[in-house]
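Chemist: Sharing a structure with you now.
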Amino acid sequence: MRSIRVPLREYRRKRNFRTTREPARGGRRGARIFVVQLHHASHRHFDFRLELDGVLKSWAIPKGPSFDPKVKRLAVEVEDHPLAYAKFEGDIPEGNYGAGHVDIFDRGTWEPLGDARAGLKDGELKFELHGEILRGSWVLVRTRMQGSRQQWLLIKHADEYAAERDVDAFIDPESDRPLSAPGGAGRKRRAQARAAPAAMLSAGPKRLGIGRAETLKNVAFKPQLCTVRSTPPEGDRWLHEVKWDGYRIVASVVGGRARLWSRNGIEWTGKVPELAAAIAALDVTSAQLDGEMVVLRDGRDDFNALQGRLSAENREPAVYMLFDLPHWNGRSLRKVELIERKALLHELLKTAPSPALRFSEHVIGNGSEVFAKAVAAGLEGIISKRVDSGYSGSRNGDWVKIKGRPSDEFVVVGFTEPKGSRTGIGALLLARPHGDGLRYAGRVGTGFDQGLLEKLRERLGKSVVAKPPADIALLARKDRELAIWVKPKLIVEVSHQGIGGQGLLRQVSLKGLRPDKTLADLVAGARRPARKQARGKA
């Protein structure tokens with residue numbers, strides 16, 4: 001007679017719930033969750049759990065996951081756990097199965113790359129993790145039985161989240177507990193960074209023992225980039241800043257000289273000499289700074305006013321909203337926690353106060369509340385950053401962007417002639433990266449002033465081409481004859497109300513030109529979302 005499988009029977013058989021606080025059952029199904037728990041039992045190990053079919057599929061990983069694709073970590077399959085176990089932390093008393101201390105190391109959601117049940121059955125489960133520490137693509141590969149237990153290997157795939165490190169990088173070496181746990185060294189350092197930054201600044205990085213020695217060259221550096229999310233991350237491992245509506249600027253100071261560049265390495269020092277002078281006045285021997293250049297009107301950033309300032313149409317003062325300090329006084333701070341870098345930056349700006357230089361404030365935790373307030377205030381949105389993150393100069397998921405109102409960047413692939421009393425151009429024809437090329441996405445004909453219309457006609461008239469540089473299948477045939485095609489070089493940002501039934505932008509209005517962006521930036525930004533969407537369909 002076939003035995004009937006009873007969910008969680010093995011889990012309950014091993015435990016006496018009168019003497020342990022572990023949950024016997026419970027937990028609500030929802031988005032697929034995962035959790036990793038650091039378990040100090042008879043042998044220290046990490047418990048890796050994935051929600052599937054109403055339970056947590058579980059593996060014990062003695063050394064914990066590795067971020068290095070070349071490292072294969074043993075994962076021993078153990079009994080299913082109830083969903084409520086994902087929130088369990090604390091002590092399992094002596095005399096009980098698994099006696100010892102349990103801390104939550106990481107948690108989030110996961111998605112299978114393919115059929116999860118078939119993957120488990122066939123012994124090759126591929127998936128993506130969306131945690132605070134563990135992210136990107138992974139695979140569990142079944143190997144052999146060891147006694148009564150099935151052994152697997154947990155392997156990180158080579159993607160933007162791969163690195164030559166393992167989970168011990170996030171463990172307090174003194175307490176052997178996660179840095180995010182109460183009393184962890186990470187929290188202690190963050191508290192020190194908030195409580196005594198002035199003393200840290202006067203001591204200098206070398207005496208503090210932070211960073212590594214670095215001889216700075218007065219050249220542009222690659223800024224840290226954001227991935228895009230629809231909702232803000234939660235938890236006090238994240239801080240949240242205003243998403244400023246301006247131009248990203250990186251700056252350096254070497255030998256008393258300050259220089260500024262756009263995110264693409266184009267020098268802007270001569271365009272905003274007042275910002276360079278304010279930076280050079282800071283009490284620093286060498287530095288790299290990162291921030292957003294804006295123009296403020298009535299206390300709010302105004303992108304159109306910023307463009308007017310740069311084209312000399314107004315004399316509004318430019319303001320440099322600063323949020324990071326990758327280098328300070330001969331030391332690279334790129335592997336120092338973000339919260340410490342920001343604390344030092346805050347104090348550095350006090351050494352030569354200037355209305356042209358401002359510190360970009362932040363809030364730790366409460367991501368949904370911060371985002372809701374930003375939207376209610378009519379702001380662009382927020383940027384959320386891992387509190388303990390380094391500065392890699394890449395798009396690695398440590399910084400995420402959550403927009404409050406729809407706006408996107410497109411490349412101009414053509415324009416139409418003006419009608420009636422209008423001069424210059426009628427509308428810009430827009431495209432976005434698609435596959436290996438570009439696809440027509442819609443047009444924008446509002447948001448221009450007369451001066452901009454004439455400048456655009458002069459500029460675009462110099463790059464006219466005979467054939468459309470994009471797939472124009474979505475452009476109505478009658479409109480194709482009216483189009484004047486141009487080389488895809490000019491990037492613009494537009495506000496819109498999403499995509500309509502015909503696959504084109506709705507209610508489009510020009511926000512401004514983006515001379516700080518290139519077509520290569522649009523392509524790079526489109527690659528990860530496109531890849532992720534394809535996986536979701538698998």
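Identifiers in the structure tokens: chain A, B, ... in order shown; residue index from 1 per chain; ligand index from 1 in order shown.
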Do a neighbour search on A:Gly95 at 10 Å with only C-alpha atoms, toss out local chain neighbours closer than 3 positions, and write the hits as a PyMOL selection string.

Modeler: chain A and resi 16+19-20+92+98-100

Chemist: For A:Asp290, work out the shell of residues within 7 Å, counting only C-alpha atoms and skipping chain neighbours fewer than 5 positions away, then give it as a VMD selection string.

Modeler: chain A and resid 249 to 251 322 to 325

Chemist: In Å, rounded to a single decimal, give me how far atom CA of A:Glu174 is from atom CA of A:Val76.

Modeler: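 Taking atom CA of A:Val76 and atom CA of A:Glu174, their separation equals 27.4 Å.
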
Chemist: Need to verify the contact set: A:Thr285, 10 Å, only C-alpha atoms, exclusion of same-chain residues closer than 4 positions in sequence. Can you return it as a list in words?

Modeler: Val253, Val254, Gly255, Gly256, Arg257, Ala280, Trp328, Asn329 and Gly330 of chain A

Chemist: Counting only C-alpha atoms, figure out which residue out of A:Lys121, A:Arg477, A:Lys271, A:Arg334 gets nearest to A:Leu310.

Modeler: A:Lys271

Chemist: Could you please write out, as a PyMOL selection string, every residue of stretch 345-501 of chain A that DSSP assigns to helix (DSSP H, G or I)?

Modeler: chain A and resi 345-349+367-376+450-463+477-480

Chemist: With C-alpha atoms retained, export the selected residues as a PDB file, in the first residue's frame.

Modeler:
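Result file part.pdb:
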ATOM      1  CA  LEU A 345      30.642  63.947   3.625  1.00  0.00           C
ATOM      2  CA  HIS A 346      28.178  65.781   5.861  1.00  0.00           C
ATOM      3  CA  GLU A 347      30.987  66.995   8.115  1.00  0.00           C
ATOM      4  CA  LEU A 348      33.254  67.843   5.185  1.00  0.00           C
ATOM      5  CA  LEU A 349      30.640  70.230   3.776  1.00  0.00           C
ATOM      6  CA  GLY A 367      10.682  52.864   2.561  1.00  0.00           C
ATOM      7  CA  SER A 368       6.966  52.760   1.703  1.00  0.00           C
ATOM      8  CA  GLU A 369       6.186  55.701   3.971  1.00  0.00           C
ATOM      9  CA  VAL A 370       9.078  57.773   2.587  1.00  0.00           C
ATOM     10  CA  PHE A 371       7.998  57.034  -0.973  1.00  0.00           C
ATOM     11  CA  ALA A 372       4.347  57.892  -0.261  1.00  0.00           C
ATOM     12  CA  LYS A 373       5.371  61.250   1.194  1.00  0.00           C
ATOM     13  CA  ALA A 374       7.607  61.974  -1.800  1.00  0.00           C
ATOM     14  CA  VAL A 375       4.750  61.248  -4.211  1.00  0.00           C
ATOM     15  CA  ALA A 376       2.326  63.366  -2.158  1.00  0.00           C
ATOM     16  CA  GLN A 450       9.902  78.878 -29.180  1.00  0.00           C
ATOM     17  CA  GLY A 451      13.634  79.132 -28.631  1.00  0.00           C
ATOM     18  CA  LEU A 452      13.987  75.385 -28.139  1.00  0.00           C
ATOM     19  CA  LEU A 453      11.910  74.626 -31.245  1.00  0.00           C
ATOM     20  CA  GLU A 454      14.277  76.675 -33.394  1.00  0.00           C
ATOM     21  CA  LYS A 455      17.416  75.228 -31.775  1.00  0.00           C
ATOM     22  CA  LEU A 456      16.156  71.698 -32.311  1.00  0.00           C
ATOM     23  CA  ARG A 457      15.438  72.393 -35.996  1.00  0.00           C
ATOM     24  CA  GLU A 458      18.964  73.706 -36.491  1.00  0.00           C
ATOM     25  CA  ARG A 459      20.542  70.808 -34.618  1.00  0.00           C
ATOM     26  CA  LEU A 460      18.486  68.000 -36.104  1.00  0.00           C
ATOM     27  CA  GLY A 461      18.718  69.460 -39.611  1.00  0.00           C
ATOM     28  CA  LYS A 462      22.428  68.641 -39.581  1.00  0.00           C
ATOM     29  CA  SER A 463      21.889  64.901 -38.980  1.00  0.00           C
ATOM     30  CA  ARG A 477       1.579  54.538 -42.616  1.00  0.00           C
ATOM     31  CA  LYS A 478       0.142  57.999 -43.350  1.00  0.00           C
ATOM     32  CA  ASP A 479       2.561  59.513 -40.814  1.00  0.00           C
ATOM     33  CA  ARG A 480       5.630  57.802 -42.252  1.00  0.00           C
TER      34      ARG A 480
END

Chemist: Which residues, written as JSON, numbers by chain, have at least one atom at most 8 Å from A:Ala163, with only C-alpha atoms counted and residues fewer than 6 positions away on the same chain left out?

Modeler: {"A": [67, 68, 69]}

Chemist: Save the residues we just selected, C-alpha atoms, as a PDB file, in the first residue's frame?

Modeler:
ATOM      1  CA  PHE A  67      28.786  34.990  -4.412  1.00  0.00           C
ATOM      2  CA  ASP A  68      31.624  33.527  -6.506  1.00  0.00           C
ATOM      3  CA  PRO A  69      30.424  31.438  -9.513  1.00  0.00           C
TER       4      PRO A  69
END

Chemist: Please provide the set of residues having any atom within 12 Å of A:Ser392, restricted to only C-alpha atoms, with same-chain residues fewer than 4 positions apart removed, written as a list in words.

Modeler: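 With the cut-off at 12 Å, the set is Glu160, Tyr161, Ala163, Phe221, Lys222, Pro223, Gln224, Leu225, Cys226, Pro326, Ser332, Leu333, Arg334, Lys335, Val336, Glu337, Leu338, Asn396, Gly397, Asp398 and Trp399 of chain A.
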
Chemist: As a PDB file with N, CA and C atoms, in the first residue's frame, please: the residues near A:Val272 (cut-off 10 Å, only C-alpha atoms, same-chain neighbours under 2 positions excluded).

Modeler:
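Result file is part-v4.pdb:
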ATOM      1  N   ARG A 259      37.493  69.719 -10.292  1.00  0.00           N
ATOM      2  CA  ARG A 259      36.968  69.521 -11.644  1.00  0.00           C
ATOM      3  C   ARG A 259      35.656  68.753 -11.554  1.00  0.00           C
ATOM      4  N   LEU A 260      34.757  69.009 -12.507  1.00  0.00           N
ATOM      5  CA  LEU A 260      33.447  68.371 -12.536  1.00  0.00           C
ATOM      6  C   LEU A 260      33.209  67.730 -13.893  1.00  0.00           C
ATOM      7  N   TRP A 268      32.472  69.457 -17.127  1.00  0.00           N
ATOM      8  CA  TRP A 268      31.526  70.552 -16.945  1.00  0.00           C
ATOM      9  C   TRP A 268      32.100  71.664 -16.079  1.00  0.00           C
ATOM     10  N   THR A 269      33.385  71.602 -15.749  1.00  0.00           N
ATOM     11  CA  THR A 269      33.964  72.589 -14.839  1.00  0.00           C
ATOM     12  C   THR A 269      33.716  74.010 -15.343  1.00  0.00           C
ATOM     13  N   GLY A 270      33.928  74.229 -16.632  1.00  0.00           N
ATOM     14  CA  GLY A 270      33.760  75.565 -17.192  1.00  0.00           C
ATOM     15  C   GLY A 270      32.326  76.035 -17.255  1.00  0.00           C
ATOM     16  N   GLU A 274      31.258  78.258 -10.464  1.00  0.00           N
ATOM     17  CA  GLU A 274      30.944  78.568  -9.071  1.00  0.00           C
ATOM     18  C   GLU A 274      30.893  77.304  -8.212  1.00  0.00           C
ATOM     19  N   LEU A 275      30.452  76.192  -8.816  1.00  0.00           N
ATOM     20  CA  LEU A 275      30.451  74.933  -8.070  1.00  0.00           C
ATOM     21  C   LEU A 275      31.881  74.439  -7.862  1.00  0.00           C
ATOM     22  N   ALA A 276      32.720  74.562  -8.890  1.00  0.00           N
ATOM     23  CA  ALA A 276      34.120  74.150  -8.758  1.00  0.00           C
ATOM     24  C   ALA A 276      34.815  74.962  -7.672  1.00  0.00           C
ATOM     25  N   ALA A 277      34.541  76.268  -7.614  1.00  0.00           N
ATOM     26  CA  ALA A 277      35.170  77.121  -6.598  1.00  0.00           C
ATOM     27  C   ALA A 277      34.714  76.728  -5.198  1.00  0.00           C
ATOM     28  N   MET A 293      23.290  67.941  -9.832  1.00  0.00           N
ATOM     29  CA  MET A 293      23.208  69.395  -9.991  1.00  0.00           C
ATOM     30  C   MET A 293      21.768  69.780 -10.314  1.00  0.00           C
ATOM     31  N   ARG A 309      19.356  77.720 -17.015  1.00  0.00           N
ATOM     32  CA  ARG A 309      20.614  78.198 -16.413  1.00  0.00           C
ATOM     33  C   ARG A 309      21.816  77.788 -17.260  1.00  0.00           C
ATOM     34  N   LEU A 310      21.818  76.559 -17.743  1.00  0.00           N
ATOM     35  CA  LEU A 310      22.957  76.074 -18.513  1.00  0.00           C
ATOM     36  C   LEU A 310      23.031  76.682 -19.907  1.00  0.00           C
ATOM     37  N   PRO A 317      20.901  80.310  -9.618  1.00  0.00           N
ATOM     38  CA  PRO A 317      22.109  79.644  -9.114  1.00  0.00           C
ATOM     39  C   PRO A 317      21.976  78.125  -9.166  1.00  0.00           C
ATOM     40  N   ALA A 318      23.037  77.475  -9.638  1.00  0.00           N
ATOM     41  CA  ALA A 318      23.075  76.016  -9.629  1.00  0.00           C
ATOM     42  C   ALA A 318      23.445  75.539  -8.231  1.00  0.00           C
ATOM     43  N   VAL A 319      22.870  74.409  -7.838  1.00  0.00           N
ATOM     44  CA  VAL A 319      23.124  73.825  -6.524  1.00  0.00           C
ATOM     45  C   VAL A 319      23.573  72.381  -6.724  1.00  0.00           C
TER      46      VAL A 319
END

Chemist: Do a neighbour search on A:Trp138 at 7 Å with only C-alpha atoms, toss out local chain neighbours closer than 2 positions, and write the hits as a list in words.

Modeler: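 Residues meeting the cut-off are Lys126, Phe127, Glu128, Gly136, Ile155, Lys156 and His157 of chain A.
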